[in-house]
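Input: a single structure, listed below in structure tokens.
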There are 2 protein chains.
Amino acid sequence: MSKPLILISNDDGITSTGIRKLVELMATLGEVVVVAPDKPQSGMGHAITVGDTLRLVKSDLFGKDILAYECSGTPADCIKLAKREVLKDRQVDLVVSGINHGSNTSISVLYSGTMSAAIEGAIEGGPAIGFSLCDFSADADFSHVDRFVLEITNNVLSHGLPKGIALNVNIPTKQNEAIKGIKICRQANARWEEEFDKRIDPHGRNYYWMVGNFVNHDKGEDNDEWAISDNYVSVVPCQFDLTGYHAITLLNEKWDI
Amino acid sequence: MSKPLILISNDDGITSTGIRKLVELMATLGEVVVVAPDKPQSGMGHAITVGDTLRLVKSDLFGKDILAYECSGTPADCIKLAKREVLKDRQVDLVVSGINHGSNTSISVLYSGTMSAAIEGAIEGGPAIGFSLCDFSADADFSHVDRFVLEITNNVLSHGLPKGIALNVNIPTKQNEAIKGIKICRQANARWEEEFDKRIDPHGRNYYWMVGNFVNHDKGEDNDEWAISDNYVSVVPCQFDLTGYHAITLLNEKWDI
């Protein structure tokens, strides 16, 4: 069997520690191609670049054996450009994104550039995984993640994923106690309650910084927040059909249209 | 009963024709507050501004009776800033976004800044609607939309929406034949197949424009693409829980973890 073709992107930018760890691990499993943003793109959600031009520049950051490009666009742009322009529609066996510096559990999946790259992979029909470490710092410790990243990726390469599914994988911060294992979860029903830090610039005008508290009202023991808090790796299968099917019947019954 | 408080945003920017039409219509139903981007934000998906500052500047674009602000951030930022800083946590009865210049049916819901403002409203617990007209032009004809925007909004104000649901409403372009009515739909399983128009800049370097074809393989007669093609207004109830529940059991059965 030929080696699987693995396309890698992220949202922290091509120079981040997390993507270097991911490239190192994926290179043991297949042929790796990297197309990642040339600057941090955290919080970009599923943005794409429709009103501006895109740049794609070859990079030697990962050595001469790994084809890599830095891209001026968003994570979703990177996957699209990679498939059409870099790989010229070669069959990609797996899209992986990350490893994100910071948690993408619960509602954060919507704001996450890391997950948008993975979901873009799923939209295009192939299996895809977004990996995040629950540590926002630029020098986060990734030394405990290898086993879990490889185990999950090997399962996906062996068994595939249902059509249209991308996995949202979150890995607890390194602690004294070893991680207990891997849990398949649902997305926790939790959210950010933002506040705005209002300041005055040197020219006397107001500006704001968004800050926020993560609030979890979900008491279930089958969601990603619960798994992380209990020191498990969480795996949430995500889909891109946003239809709330339960609401269709309800609207048809209640509405006067 | 006091007038409902209606918060309006969009992604085409505060000066667009679509938001002016929406403000005009909503002002007949309630107290309107506008917080909209100070520039076009199409394709921004659910992006938020986490690594940069935000500006919020009062606007008199809608006359002295309507409180309005232009914001330097994304549509999702606008909703968050509106609720915390402009409305100081007053109870918002409805978030409406649009009217977008261009269709947001099918997979476009993921890339849509219009829908991210509406979904942000739903995340915060209230009913929300994103309106789009299937006409991308800046001078799109909105003269046929009033009846449908009002009918849908009145239904939502009267009956509410299930918790966590935002409506994705698309209205066909004005044609000779009158629109047939309103259909509650699911999101069509269709997608964009991008191509990149590669050019050379005056300095001899490559750059790209994203272009694409919309490809619909979904033959169902219960989806938004079908409704629009049959000259109906489509209404898709959208949720922000991306969990693919059908995949949880499958992964638990197949995976060796």
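Here, A, B, ... name the chains of the structure tokens in the order displayed, residue numbers run from 1 inside each chain, and ligands are numbered from 1 in the same displayed order.
For chain B, the residues close to chain A, meaning within 6 Å and counting only C-alpha atoms, are Gly43, Met44, Gly45, His46, Ala47, Ile48, Thr53, Leu54, Arg55, Tyr111, Arg186, Gln187, Tyr207, Tyr208, Trp209, Pro237, Cys238, Gln239, Leu242, Thr243 and Gly244 of chain B.
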I'd like the contact shell of Val34 (chain B) - 7 Å cut-off, only C-alpha atoms, skipping same-chain residues fewer than 5 positions apart - returned as a ChimeraX atom specification.
/B:7-9,67-69
Store the residues of this selection in a file with N, CA and C atoms, as a tab-separated table (two decimals), in the first residue's frame.
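Result written to again_26.tsv:
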chain	number	residue	atom	x	y	z
B	7	LEU	N	-32.48	44.10	17.46
B	7	LEU	CA	-31.08	44.45	17.16
B	7	LEU	C	-30.76	44.01	15.74
B	8	ILE	N	-30.20	44.94	14.96
B	8	ILE	CA	-29.94	44.67	13.54
B	8	ILE	C	-28.45	44.76	13.24
B	9	SER	N	-27.96	43.78	12.47
B	9	SER	CA	-26.61	43.87	11.94
B	9	SER	C	-26.60	43.29	10.52
B	67	LEU	N	-31.08	54.50	17.09
B	67	LEU	CA	-29.73	54.40	17.64
B	67	LEU	C	-28.91	53.47	16.76
B	68	ALA	N	-27.79	53.99	16.25
B	68	ALA	CA	-26.98	53.18	15.33
B	68	ALA	C	-25.50	53.41	15.57
B	69	TYR	N	-24.73	52.35	15.40
B	69	TYR	CA	-23.28	52.42	15.53
B	69	TYR	C	-22.64	51.66	14.39
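In this comparison, which uses only C-alpha atoms, the residue of A:Val233, A:Val92, A:Ala36, A:Met115 approaching Cys78 (chain A) most closely is A:Ala36.
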Enumerate the residues of region 6-247 of chain A with a DSSP assignment of helix (DSSP H, G or I), computed from the backbone, and present them as a PyMOL selection string.
chain A and resi 17-26+75-86+108-111+113-123+146-159+224-229+245-247
Which parts of region 71-229 of chain B does DSSP call strand (DSSP E) when run on the backbone here, written out as number ranges by chain?
B: 71, 94-101, 128-133, 166-171, 182-184, 190-200, 206-216
re CA of Asp230 (chain A) and CA of Gly121 (chain A): distance 29.8 Å
